[in-house]
$ cat data.cif   # mmCIF, C-alpha atoms and all ligand atoms
data_query
loop_
_atom_site.label_atom_id
_atom_site.label_comp_id
_atom_site.auth_asym_id
_atom_site.auth_seq_id
_atom_site.Cartn_x
_atom_site.Cartn_y
_atom_site.Cartn_z
CA MET J 1 0.00 0.00 0.00
CA GLY J 2 1.11 3.62 -0.38
CA SER J 3 2.47 5.26 -3.49
CA ILE J 4 1.22 3.64 -6.70
CA ARG J 5 4.29 5.00 -8.52
CA GLU J 6 6.43 2.37 -6.79
CA LYS J 7 4.43 -0.44 -8.38
CA TYR J 8 5.89 0.57 -11.76
CA ASN J 9 9.42 -0.07 -10.42
CA THR J 10 8.90 -3.79 -9.87
CA GLY J 11 9.56 -4.79 -13.49
CA ARG J 12 6.12 -6.36 -13.96
CA THR J 13 3.06 -4.94 -15.69
CA VAL J 14 0.79 -2.91 -13.42
CA PHE J 15 -2.89 -3.93 -13.76
CA SER J 16 -5.64 -1.53 -12.72
CA CYS J 17 -9.37 -0.92 -13.23
CA GLU J 18 -11.57 2.14 -13.19
CA VAL J 19 -14.80 2.36 -11.19
CA PHE J 20 -17.31 5.14 -10.64
CA PRO J 21 -19.16 6.19 -7.48
CA PRO J 22 -22.95 6.48 -7.23
CA LYS J 23 -24.51 9.95 -7.31
CA LYS J 24 -24.98 11.67 -3.96
CA ASP J 25 -28.74 10.97 -3.88
CA GLN J 26 -28.29 7.26 -4.67
CA PRO J 27 -27.57 4.48 -2.16
CA ILE J 28 -23.91 3.58 -1.86
CA GLU J 29 -24.28 -0.10 -0.84
CA PRO J 30 -24.95 -1.65 -4.30
CA THR J 31 -21.76 -0.03 -5.65
CA MET J 32 -19.80 -1.24 -2.63
CA ASP J 33 -21.06 -4.78 -3.25
CA ARG J 34 -19.90 -4.63 -6.89
CA ILE J 35 -16.53 -3.21 -5.92
CA LYS J 36 -15.89 -5.91 -3.31
CA GLU J 37 -15.83 -8.40 -6.19
CA PHE J 38 -12.64 -6.81 -7.54
CA LYS J 39 -10.65 -8.02 -4.52
CA ASP J 40 -10.01 -11.56 -5.72
CA ILE J 41 -8.97 -10.29 -9.17
CA VAL J 42 -6.06 -8.66 -7.30
CA PRO J 43 -5.66 -5.43 -9.28
CA ASP J 44 -2.63 -3.28 -8.39
CA PHE J 45 -5.04 -0.42 -7.84
CA LEU J 46 -8.58 0.78 -8.55
CA SER J 47 -9.19 4.32 -9.73
CA VAL J 48 -12.35 6.23 -8.79
CA THR J 49 -13.80 8.83 -11.17
CA TYR J 50 -14.80 12.34 -10.08
CA GLY J 51 -17.60 14.47 -11.51
CA ALA J 52 -16.12 17.58 -13.16
CA GLY J 53 -16.80 20.66 -11.08
CA GLY J 54 -17.03 18.70 -7.84
CA SER J 55 -20.81 19.04 -7.53
CA ASN J 56 -21.27 15.74 -9.37
CA ALA J 57 -18.55 13.99 -7.40
CA GLY J 58 -21.21 11.98 -5.54
CA HIS J 59 -19.81 9.41 -3.15
CA ALA J 60 -16.28 9.54 -4.64
CA VAL J 61 -14.44 9.96 -1.34
CA GLU J 62 -16.51 7.32 0.47
CA ILE J 63 -15.98 4.81 -2.35
CA ALA J 64 -12.23 5.49 -2.52
CA SER J 65 -11.91 5.15 1.22
CA PHE J 66 -13.96 1.92 1.16
CA ILE J 67 -11.65 0.44 -1.52
CA LYS J 68 -8.56 1.20 0.49
CA ARG J 69 -9.73 0.41 4.01
CA ASP J 70 -12.36 -2.31 3.58
CA VAL J 71 -11.50 -4.01 0.28
CA GLY J 72 -7.76 -3.72 0.93
CA VAL J 73 -6.80 -2.55 -2.57
CA GLU J 74 -4.71 0.58 -3.26
CA VAL J 75 -6.73 3.47 -4.69
CA LEU J 76 -6.21 6.35 -7.11
CA SER J 77 -8.74 9.16 -6.67
CA HIS J 78 -9.48 11.30 -9.71
CA ILE J 79 -9.89 15.02 -9.11
CA THR J 80 -10.94 17.60 -11.70
CA SER J 81 -10.03 21.28 -11.55
CA VAL J 82 -12.63 22.85 -13.86
CA GLY J 83 -14.54 25.44 -11.82
CA PHE J 84 -12.28 24.78 -8.82
CA SER J 85 -10.85 27.57 -6.70
CA LYS J 86 -7.73 26.82 -4.66
CA ALA J 87 -9.91 26.71 -1.54
CA LYS J 88 -12.17 24.07 -3.08
CA LEU J 89 -9.19 21.98 -4.14
CA ASP J 90 -7.73 22.33 -0.63
CA ASP J 91 -11.00 21.00 0.82
CA GLY J 92 -11.00 18.06 -1.62
CA LEU J 93 -7.39 17.13 -0.90
CA LYS J 94 -7.85 17.42 2.86
CA SER J 95 -10.83 15.13 2.64
CA PHE J 96 -8.75 12.60 0.63
CA SER J 97 -5.97 12.83 3.19
CA GLU J 98 -8.28 12.32 6.16
CA ASN J 99 -9.60 9.20 4.44
CA GLY J 100 -6.16 7.68 3.92
CA ILE J 101 -6.05 8.39 0.15
CA GLU J 102 -2.47 8.99 -1.02
CA ASN J 103 -2.72 8.92 -4.84
CA VAL J 104 -4.57 11.42 -7.04
CA LEU J 105 -5.14 11.63 -10.79
CA ALA J 106 -4.97 15.37 -11.54
CA LEU J 107 -7.39 16.19 -14.36
CA ARG J 108 -8.77 19.37 -15.80
CA GLY J 109 -12.16 17.84 -16.63
CA ASP J 110 -14.64 19.31 -19.11
CA ARG J 111 -17.08 22.07 -18.28
CA PRO J 112 -20.38 20.43 -17.26
CA LYS J 113 -23.48 21.83 -19.01
CA THR J 114 -24.93 22.71 -15.60
CA MET J 115 -21.94 24.83 -14.54
CA THR J 116 -22.71 28.55 -14.33
CA ASP J 117 -20.35 31.17 -15.81
CA GLU J 118 -19.63 32.34 -12.28
CA GLU J 119 -18.54 28.84 -11.19
CA PHE J 120 -16.51 28.37 -14.35
CA ASP J 121 -14.78 31.75 -13.99
CA SER J 122 -13.89 31.06 -10.37
CA ARG J 123 -11.35 28.44 -11.43
CA ASP J 124 -7.79 28.94 -10.25
CA PHE J 125 -6.29 26.23 -12.48
CA ILE J 126 -6.52 26.44 -16.26
CA HIS J 127 -4.71 23.20 -17.09
CA ALA J 128 -4.18 19.93 -15.24
CA SER J 129 -0.46 20.80 -15.10
CA ASP J 130 -1.29 23.95 -13.06
CA MET J 131 -3.16 21.85 -10.52
CA ALA J 132 -0.38 19.23 -10.43
CA GLU J 133 2.15 21.97 -9.66
CA TYR J 134 -0.02 23.27 -6.82
CA ILE J 135 -0.55 19.80 -5.31
CA GLN J 136 3.13 18.91 -5.55
CA LYS J 137 4.15 22.13 -3.81
CA ASN J 138 1.49 22.23 -1.11
CA TYR J 139 0.66 18.56 -0.55
CA PRO J 140 3.90 16.64 -1.04
CA GLY J 141 2.40 13.56 0.62
CA PHE J 142 0.34 12.79 -2.51
CA THR J 143 1.58 10.79 -5.48
CA ILE J 144 0.19 12.53 -8.56
CA ALA J 145 -0.79 10.93 -11.88
CA GLY J 146 -1.94 12.58 -15.13
CA ALA J 147 -3.86 11.72 -18.31
CA CYS J 148 -2.42 11.34 -21.82
CA TYR J 149 -3.99 10.85 -25.24
CA PRO J 150 -2.79 8.36 -27.90
CA ASP J 151 -5.32 9.89 -30.35
CA LYS J 152 -4.36 13.48 -29.28
CA HIS J 153 -6.58 15.52 -26.97
CA PHE J 154 -9.46 16.92 -29.02
CA GLU J 155 -8.65 20.57 -28.21
CA ALA J 156 -4.93 20.46 -28.98
CA PRO J 157 -4.04 22.15 -32.30
CA ASP J 158 -1.60 19.36 -33.16
CA TYR J 159 -0.07 16.18 -31.80
CA TYR J 160 3.30 17.66 -30.85
CA GLU J 161 1.81 20.58 -28.96
CA ASP J 162 -0.28 18.09 -26.98
CA ILE J 163 2.87 16.14 -26.12
CA LEU J 164 4.72 19.32 -25.10
CA ASN J 165 1.79 20.11 -22.80
CA LEU J 166 2.04 16.56 -21.45
CA LYS J 167 5.70 17.22 -20.65
CA LYS J 168 4.65 20.24 -18.54
CA LYS J 169 2.29 17.93 -16.66
CA VAL J 170 5.07 15.47 -15.88
CA ASP J 171 7.58 18.23 -15.05
CA ASN J 172 4.99 19.69 -12.66
CA GLY J 173 4.66 16.50 -10.63
CA CYS J 174 2.68 13.79 -12.48
CA SER J 175 4.90 10.79 -11.82
CA PHE J 176 2.90 8.28 -13.87
CA LEU J 177 0.31 8.52 -16.64
CA ILE J 178 -2.88 6.75 -17.66
CA SER J 179 -3.91 6.95 -21.27
CA GLN J 180 -7.29 7.75 -22.68
CA LEU J 181 -8.89 4.59 -24.09
CA PHE J 182 -7.84 3.67 -27.60
CA PHE J 183 -8.58 0.84 -30.01
CA ASP J 184 -5.56 1.03 -32.29
CA ASN J 185 -2.34 -0.03 -30.56
CA ASP J 186 -0.19 1.70 -33.19
CA LYS J 187 -1.47 5.03 -31.85
CA PHE J 188 -0.23 4.09 -28.38
CA PHE J 189 3.16 2.91 -29.67
CA PHE J 190 3.54 6.13 -31.66
CA MET J 191 2.74 8.21 -28.56
CA ARG J 192 5.37 6.30 -26.56
CA GLU J 193 7.96 7.01 -29.28
CA VAL J 194 7.17 10.74 -29.35
CA MET J 195 7.24 10.84 -25.54
CA LYS J 196 10.65 9.20 -25.56
CA LYS J 197 11.99 11.76 -28.04
CA THR J 198 10.53 14.54 -25.88
CA ASN J 199 12.28 13.10 -22.83
CA ILE J 200 9.09 12.20 -20.97
CA LYS J 201 10.12 9.33 -18.76
CA ALA J 202 7.01 8.72 -16.63
CA PRO J 203 5.55 5.20 -16.93
CA VAL J 204 2.27 4.96 -18.85
CA SER J 205 -0.63 2.61 -18.34
CA ALA J 206 -2.53 1.84 -21.53
CA GLY J 207 -6.27 2.54 -21.23
CA ILE J 208 -8.40 -0.28 -22.62
CA MET J 209 -12.17 -0.32 -22.76
CA PRO J 210 -13.88 -3.59 -23.70
CA ILE J 211 -16.76 -2.65 -26.00
CA THR J 212 -19.69 -4.89 -25.13
CA SER J 213 -22.44 -3.30 -27.23
CA ALA J 214 -22.77 -1.24 -30.42
CA LYS J 215 -24.45 1.57 -28.47
CA MET J 216 -21.54 1.67 -26.03
CA LEU J 217 -19.08 2.25 -28.85
CA GLY J 218 -21.07 5.25 -30.11
CA THR J 219 -21.15 6.90 -26.67
CA THR J 220 -17.49 6.13 -26.03
CA VAL J 221 -16.30 7.62 -29.29
CA THR J 222 -18.39 10.77 -28.74
CA LEU J 223 -17.00 11.25 -25.23
CA SER J 224 -13.37 10.37 -25.87
CA GLY J 225 -12.77 11.38 -29.49
CA THR J 226 -11.00 8.05 -30.01
CA SER J 227 -10.78 6.69 -33.56
CA VAL J 228 -12.27 3.31 -34.47
CA PRO J 229 -10.17 0.96 -36.63
CA LYS J 230 -11.84 -1.08 -39.37
CA SER J 231 -11.26 -4.35 -37.49
CA LEU J 232 -13.47 -3.06 -34.65
CA SER J 233 -16.16 -1.54 -36.87
CA ASP J 234 -16.29 -4.90 -38.70
CA ILE J 235 -17.02 -6.60 -35.37
CA ILE J 236 -19.86 -4.16 -34.70
CA ALA J 237 -21.24 -4.73 -38.20
CA LYS J 238 -21.11 -8.50 -37.71
CA HIS J 239 -22.28 -8.87 -34.08
CA GLY J 240 -23.88 -5.52 -33.17
CA GLU J 241 -27.41 -6.92 -33.34
CA ASN J 242 -26.75 -9.89 -31.07
CA ASP J 243 -26.01 -8.87 -27.46
CA GLU J 244 -24.25 -12.06 -26.36
CA ASP J 245 -22.08 -12.39 -29.48
CA MET J 246 -21.21 -8.70 -29.36
CA LYS J 247 -20.12 -8.91 -25.73
CA LYS J 248 -17.94 -11.95 -26.45
CA ALA J 249 -16.37 -10.35 -29.52
CA GLY J 250 -15.77 -7.02 -27.72
CA ILE J 251 -14.01 -8.75 -24.83
CA GLU J 252 -11.97 -10.83 -27.30
CA TYR J 253 -10.91 -7.62 -29.09
CA ALA J 254 -9.72 -6.12 -25.78
CA ILE J 255 -7.82 -9.33 -24.89
CA ASN J 256 -6.02 -9.30 -28.25
CA GLN J 257 -5.19 -5.62 -27.84
CA ILE J 258 -3.73 -6.28 -24.37
CA ARG J 259 -1.71 -9.34 -25.49
CA ASP J 260 -0.12 -7.21 -28.21
CA LEU J 261 0.61 -4.39 -25.74
CA LEU J 262 2.18 -6.83 -23.27
CA SER J 263 4.40 -8.25 -26.00
CA HIS J 264 5.59 -4.66 -26.60
CA GLY J 265 6.55 -4.22 -22.92
CA VAL J 266 3.81 -1.83 -21.81
CA ASP J 267 4.20 -0.45 -18.26
CA GLY J 268 0.60 -1.00 -17.25
CA ILE J 269 -2.91 -1.89 -18.38
CA HIS J 270 -5.79 0.22 -17.10
CA LEU J 271 -9.19 -1.36 -17.76
CA TYR J 272 -12.14 0.95 -18.17
CA VAL J 273 -14.58 -1.71 -16.93
CA MET J 274 -16.70 0.71 -14.90
CA ASN J 275 -18.02 -1.39 -11.99
CA LYS J 276 -18.10 -4.66 -13.96
CA PRO J 277 -15.71 -6.96 -12.10
CA GLU J 278 -16.86 -10.01 -14.09
CA ILE J 279 -15.49 -8.46 -17.29
CA ALA J 280 -12.21 -7.52 -15.59
CA ARG J 281 -11.92 -11.11 -14.31
CA THR J 282 -12.41 -12.66 -17.76
CA ILE J 283 -9.82 -10.35 -19.29
CA PHE J 284 -7.20 -10.61 -16.54
CA GLU J 285 -7.51 -14.41 -16.47
CA ALA J 286 -6.84 -14.48 -20.21
CA VAL J 287 -3.84 -12.15 -20.26
CA ARG J 288 -1.99 -12.42 -16.97
P1 LIG J 301 -5.18 19.11 -19.64
O1 LIG J 301 -3.94 18.36 -19.36
O2 LIG J 301 -5.34 20.44 -18.98
O3 LIG J 301 -5.28 19.24 -21.22
C1 LIG J 301 -6.45 19.78 -21.84
C2 LIG J 301 -6.04 20.48 -23.14
O4 LIG J 301 -5.24 21.63 -22.82
C3 LIG J 301 -5.20 19.62 -24.07
O5 LIG J 301 -5.58 19.92 -25.38
C4 LIG J 301 -3.76 20.08 -23.80
O6 LIG J 301 -2.93 19.92 -24.94
C5 LIG J 301 -3.96 21.54 -23.43
N1 LIG J 301 -2.98 22.01 -22.45
C6 LIG J 301 -2.55 21.35 -21.34
N2 LIG J 301 -1.64 22.09 -20.69
C7 LIG J 301 -1.47 23.24 -21.40
C8 LIG J 301 -0.66 24.40 -21.22
N3 LIG J 301 0.14 24.52 -20.15
N4 LIG J 301 -0.75 25.38 -22.16
C9 LIG J 301 -1.59 25.28 -23.22
N5 LIG J 301 -2.39 24.19 -23.44
C10 LIG J 301 -2.33 23.19 -22.53
N6 LIG J 301 -13.10 13.61 -16.63
C11 LIG J 301 -13.90 13.78 -15.53
O7 LIG J 301 -14.69 14.72 -15.49
N7 LIG J 301 -13.80 12.94 -14.44
C12 LIG J 301 -12.92 11.90 -14.39
O8 LIG J 301 -12.85 11.19 -13.41
C13 LIG J 301 -12.08 11.68 -15.54
N8 LIG J 301 -11.18 10.68 -15.56
C14 LIG J 301 -10.32 10.54 -16.62
C15 LIG J 301 -9.33 9.55 -16.57
C16 LIG J 301 -8.43 9.38 -17.61
C17 LIG J 301 -7.36 8.32 -17.51
C18 LIG J 301 -8.54 10.22 -18.77
C19 LIG J 301 -7.60 10.04 -19.92
C20 LIG J 301 -9.51 11.21 -18.84
C21 LIG J 301 -10.41 11.39 -17.76
N9 LIG J 301 -11.38 12.40 -17.76
C22 LIG J 301 -12.20 12.58 -16.66
C23 LIG J 301 -11.57 13.25 -18.94
C24 LIG J 301 -10.69 14.53 -18.89
O9 LIG J 301 -11.12 15.36 -17.83
C25 LIG J 301 -10.82 15.23 -20.23
O10 LIG J 301 -10.17 14.46 -21.22
C26 LIG J 301 -10.38 16.69 -20.29
O11 LIG J 301 -10.85 17.22 -21.57
C27 LIG J 301 -8.89 16.93 -20.28
O12 LIG J 301 -8.34 16.67 -19.07
P2 LIG J 301 -6.73 16.75 -18.87
O13 LIG J 301 -6.48 16.57 -17.43
O14 LIG J 301 -6.04 15.84 -19.81
O15 LIG J 301 -6.48 18.29 -19.29
#
$ encode --input "data.cif" --output "structure tokens"
Amino acid sequence: MGSIREKYNTGRTVFSCEVFPPKKDQPIEPTMDRIKEFKDIVPDFLSVTYGAGGSNAGHAVEIASFIKRDVGVEVLSHITSVGFSKAKLDDGLKSFSENGIENVLALRGDRPKTMTDEEFDSRDFIHASDMAEYIQKNYPGFTIAGACYPDKHFEAPDYYEDILNLKKKVDNGCSFLISQLFFDNDKFFFMREVMKKTNIKAPVSAGIMPITSAKMLGTTVTLSGTSVPKSLSDIIAKHGENDEDMKKAGIEYAINQIRDLLSHGVDGIHLYVMNKPEIARTIFEAVR
């Protein structure tokens, strides 16, 4: 337990999964029951998402604390800075600290539709790298991670500028990175090459999302801006109408992606399985 960064020094691939907390007005117990099932999969850590702006963060702190204290798995708490003043970030970090959380994923987040101009304008941090710098300076007890984008972040004018911005993030304290989900491994390998040339040395976990329905792919692509290779769109065309076949084929696609990444010496695999331990189990059993 402790700093997740150290897990990348052991010479073996770091396996992690992402989960999300229930909304504040929803009961927390069903999510806790799902999350308990991750224990026997033995992930290196679970990461807990955070609603941009903080108002949608729901039970994020309680779920993160539950993972660490009750499930006995190390946790990475996401935190988003959009609409955050320094005082609000201080409150969030203190609450993490009081709950034994030592690792944070520093994200900018995207402006929620419900956020007022006043809330948006009150932000003290423009980029994730600004927040990382603040956390590193004022809360040295936290290990900080950051996000990176094999398909380029949708706002960046070009790939290289995005990577130069990523370097600022790492220089400002992000000691390991988790990638946005991607379906084409060549994009990830290219990003690693460009990072190497830019002297970015932080380890990177590859973000993999098993696509288990045609509808899910549509939503995912809209939210992440990730490109879809022909091999995956062929799977959707062939199995999209049949739920069971589609699920099987989507999981198989993720397993093949991960096997290829492992054979190329990836530092870590981060599964976007979103509270579905049974899918994580099937995949980890196949690839570990
Ligand atoms: P930044 O690093 O700030 O980058 C955003 C844009 O600004 C990029 O185009 C970048 O090139 C540019 N930029 C960065 N720094 C500079 C600079 N110094 N000067 C000029 N331009 C700059 N969202 C949520 O709301 N909750 C979550 O829990 C969540 N979890 C995520 C987990 C992962 C692993 C990933 C990959 C994304 C997650 N997101 C989450 C989505 C994320 O908030 C969005 O992708 C958001 O648009 C960008 O966040 P960022 O931290 O990468 O931003």
$ residues_around --input "data.cif" --residues "stretch 78-94 of chain J" --least-positions-apart "5" --cutoff "8 Å" --atoms "only C-alpha atoms" --output "PDB file with C-alpha atoms, keeping the file's coordinate frame"
ATOM      1  CA  SER J  47      -9.190   4.320  -9.730  1.00  0.00           C
ATOM      2  CA  VAL J  48     -12.350   6.230  -8.790  1.00  0.00           C
ATOM      3  CA  THR J  49     -13.800   8.830 -11.170  1.00  0.00           C
ATOM      4  CA  TYR J  50     -14.800  12.340 -10.080  1.00  0.00           C
ATOM      5  CA  GLY J  51     -17.600  14.470 -11.510  1.00  0.00           C
ATOM      6  CA  ALA J  52     -16.120  17.580 -13.160  1.00  0.00           C
ATOM      7  CA  GLY J  53     -16.800  20.660 -11.080  1.00  0.00           C
ATOM      8  CA  GLY J  54     -17.030  18.700  -7.840  1.00  0.00           C
ATOM      9  CA  VAL J 104      -4.570  11.420  -7.040  1.00  0.00           C
ATOM     10  CA  LEU J 105      -5.140  11.630 -10.790  1.00  0.00           C
ATOM     11  CA  ALA J 106      -4.970  15.370 -11.540  1.00  0.00           C
ATOM     12  CA  LEU J 107      -7.390  16.190 -14.360  1.00  0.00           C
ATOM     13  CA  ARG J 108      -8.770  19.370 -15.800  1.00  0.00           C
ATOM     14  CA  GLY J 109     -12.160  17.840 -16.630  1.00  0.00           C
ATOM     15  CA  ASP J 110     -14.640  19.310 -19.110  1.00  0.00           C
ATOM     16  CA  ARG J 111     -17.080  22.070 -18.280  1.00  0.00           C
ATOM     17  CA  MET J 115     -21.940  24.830 -14.540  1.00  0.00           C
ATOM     18  CA  GLU J 119     -18.540  28.840 -11.190  1.00  0.00           C
ATOM     19  CA  PHE J 120     -16.510  28.370 -14.350  1.00  0.00           C
ATOM     20  CA  ASP J 121     -14.780  31.750 -13.990  1.00  0.00           C
ATOM     21  CA  SER J 122     -13.890  31.060 -10.370  1.00  0.00           C
ATOM     22  CA  ARG J 123     -11.350  28.440 -11.430  1.00  0.00           C
ATOM     23  CA  ASP J 124      -7.790  28.940 -10.250  1.00  0.00           C
ATOM     24  CA  PHE J 125      -6.290  26.230 -12.480  1.00  0.00           C
ATOM     25  CA  ILE J 126      -6.520  26.440 -16.260  1.00  0.00           C
ATOM     26  CA  HIS J 127      -4.710  23.200 -17.090  1.00  0.00           C
ATOM     27  CA  ALA J 128      -4.180  19.930 -15.240  1.00  0.00           C
ATOM     28  CA  MET J 131      -3.160  21.850 -10.520  1.00  0.00           C
TER      29      MET J 131
END
$ closest_residue --input "data.cif" --among "J:Gly250, J:Pro157, J:Pro22, J:Gly173" --to "J:Ile144" --atoms "only C-alpha atoms"
J:Gly173
$ atom_distance --input "data.cif" --atom1 "atom CA of J:Lys169" --atom2 "atom CA of J:Ile63"
26.7 Å
$ closest_residue --input "data.cif" --among "J:Asn275, J:Gln26, J:Ser224, J:Thr219" --to "ligand LIG 301 (chain J)" --atoms "all atoms listed in the file"
J:Ser224
$ residues_around --input "data.cif" --residues "stretch 175-177 of chain J" --least-positions-apart "4" --cutoff "8 Å" --atoms "only C-alpha atoms" --output "list in words"
Arg5, Thr143, Ile144, Ala145, Gly146, Ala147, Cys148, Val170, Ala202, Pro203, Val204 and Ser205 of chain J
$ atom_distance --input "data.cif" --atom1 "atom CA of J:Val73" --atom2 "atom CA of J:Glu278"
17.0 Å
$ closest_residue --input "data.cif" --among "J:Met32, J:Val75, J:Leu223, J:Val61" --to "ligand LIG 301 (chain J)" --atoms "all atoms listed in the file"
J:Leu223
$ residues_near_point --input "data.cif" --point "(-6.6, 4.0, -6.3)" --cutoff "7 Å" --atoms "all atoms listed in the file" --output "list in words"
Phe45, Leu46, Ser47, Val48, Ala64, Glu74, Val75, Leu76, Ser77 and Asn103 of chain J
$ closest_residue --input "data.cif" --among "J:Ala249, J:Met191, J:Ile255, J:Cys17" --to "ligand LIG 301 (chain J)" --atoms "all atoms listed in the file"
J:Cys17
$ atom_distance --input "data.cif" --atom1 "atom CA of J:Lys23" --atom2 "atom CA of J:Ser97"
21.5 Å
$ residues_around --input "data.cif" --residues "J:Gly100" --least-positions-apart "2" --cutoff "9 Å" --atoms "all atoms listed in the file" --output "list of chain:residue names"
J:Ser65, J:Lys68, J:Arg69, J:Ser95, J:Phe96, J:Ser97, J:Glu98, J:Glu102
$ residues_around --input "data.cif" --residues "stretch 260-273 of chain J" --least-positions-apart "5" --cutoff "10 Å" --atoms "all atoms listed in the file" --output "PDB file with C-alpha atoms, keeping the file's coordinate frame"
ATOM      1  CA  LYS J   7       4.430  -0.440  -8.380  1.00  0.00           C
ATOM      2  CA  TYR J   8       5.890   0.570 -11.760  1.00  0.00           C
ATOM      3  CA  ASN J   9       9.420  -0.070 -10.420  1.00  0.00           C
ATOM      4  CA  GLY J  11       9.560  -4.790 -13.490  1.00  0.00           C
ATOM      5  CA  ARG J  12       6.120  -6.360 -13.960  1.00  0.00           C
ATOM      6  CA  THR J  13       3.060  -4.940 -15.690  1.00  0.00           C
ATOM      7  CA  VAL J  14       0.790  -2.910 -13.420  1.00  0.00           C
ATOM      8  CA  PHE J  15      -2.890  -3.930 -13.760  1.00  0.00           C
ATOM      9  CA  SER J  16      -5.640  -1.530 -12.720  1.00  0.00           C
ATOM     10  CA  CYS J  17      -9.370  -0.920 -13.230  1.00  0.00           C
ATOM     11  CA  GLU J  18     -11.570   2.140 -13.190  1.00  0.00           C
ATOM     12  CA  VAL J  19     -14.800   2.360 -11.190  1.00  0.00           C
ATOM     13  CA  PHE J  20     -17.310   5.140 -10.640  1.00  0.00           C
ATOM     14  CA  PRO J  43      -5.660  -5.430  -9.280  1.00  0.00           C
ATOM     15  CA  ASP J  44      -2.630  -3.280  -8.390  1.00  0.00           C
ATOM     16  CA  PHE J  45      -5.040  -0.420  -7.840  1.00  0.00           C
ATOM     17  CA  LEU J  46      -8.580   0.780  -8.550  1.00  0.00           C
ATOM     18  CA  SER J  47      -9.190   4.320  -9.730  1.00  0.00           C
ATOM     19  CA  PHE J 176       2.900   8.280 -13.870  1.00  0.00           C
ATOM     20  CA  LEU J 177       0.310   8.520 -16.640  1.00  0.00           C
ATOM     21  CA  ILE J 178      -2.880   6.750 -17.660  1.00  0.00           C
ATOM     22  CA  SER J 179      -3.910   6.950 -21.270  1.00  0.00           C
ATOM     23  CA  GLN J 180      -7.290   7.750 -22.680  1.00  0.00           C
ATOM     24  CA  LEU J 181      -8.890   4.590 -24.090  1.00  0.00           C
ATOM     25  CA  ASN J 185      -2.340  -0.030 -30.560  1.00  0.00           C
ATOM     26  CA  ASP J 186      -0.190   1.700 -33.190  1.00  0.00           C
ATOM     27  CA  PHE J 188      -0.230   4.090 -28.380  1.00  0.00           C
ATOM     28  CA  PHE J 189       3.160   2.910 -29.670  1.00  0.00           C
ATOM     29  CA  ARG J 192       5.370   6.300 -26.560  1.00  0.00           C
ATOM     30  CA  ALA J 202       7.010   8.720 -16.630  1.00  0.00           C
ATOM     31  CA  PRO J 203       5.550   5.200 -16.930  1.00  0.00           C
ATOM     32  CA  VAL J 204       2.270   4.960 -18.850  1.00  0.00           C
ATOM     33  CA  SER J 205      -0.630   2.610 -18.340  1.00  0.00           C
ATOM     34  CA  ALA J 206      -2.530   1.840 -21.530  1.00  0.00           C
ATOM     35  CA  GLY J 207      -6.270   2.540 -21.230  1.00  0.00           C
ATOM     36  CA  ILE J 208      -8.400  -0.280 -22.620  1.00  0.00           C
ATOM     37  CA  MET J 209     -12.170  -0.320 -22.760  1.00  0.00           C
ATOM     38  CA  PRO J 210     -13.880  -3.590 -23.700  1.00  0.00           C
ATOM     39  CA  ILE J 211     -16.760  -2.650 -26.000  1.00  0.00           C
ATOM     40  CA  ALA J 254      -9.720  -6.120 -25.780  1.00  0.00           C
ATOM     41  CA  ILE J 255      -7.820  -9.330 -24.890  1.00  0.00           C
ATOM     42  CA  GLU J 278     -16.860 -10.010 -14.090  1.00  0.00           C
ATOM     43  CA  ILE J 279     -15.490  -8.460 -17.290  1.00  0.00           C
ATOM     44  CA  ALA J 280     -12.210  -7.520 -15.590  1.00  0.00           C
ATOM     45  CA  ILE J 283      -9.820 -10.350 -19.290  1.00  0.00           C
ATOM     46  CA  PHE J 284      -7.200 -10.610 -16.540  1.00  0.00           C
ATOM     47  CA  VAL J 287      -3.840 -12.150 -20.260  1.00  0.00           C
ATOM     48  CA  ARG J 288      -1.990 -12.420 -16.970  1.00  0.00           C
TER      49      ARG J 288
END
$ closest_residue --input "data.cif" --among "J:Asp130, J:Glu6, J:Asp25, J:Glu244" --to "ligand LIG 301 (chain J)" --atoms "all atoms listed in the file"
J:Asp130
$ closest_residue --input "data.cif" --among "J:Ser213, J:Ser129, J:Thr114, J:Ser3" --to "ligand LIG 301 (chain J)" --atoms "all atoms listed in the file"
J:Ser129
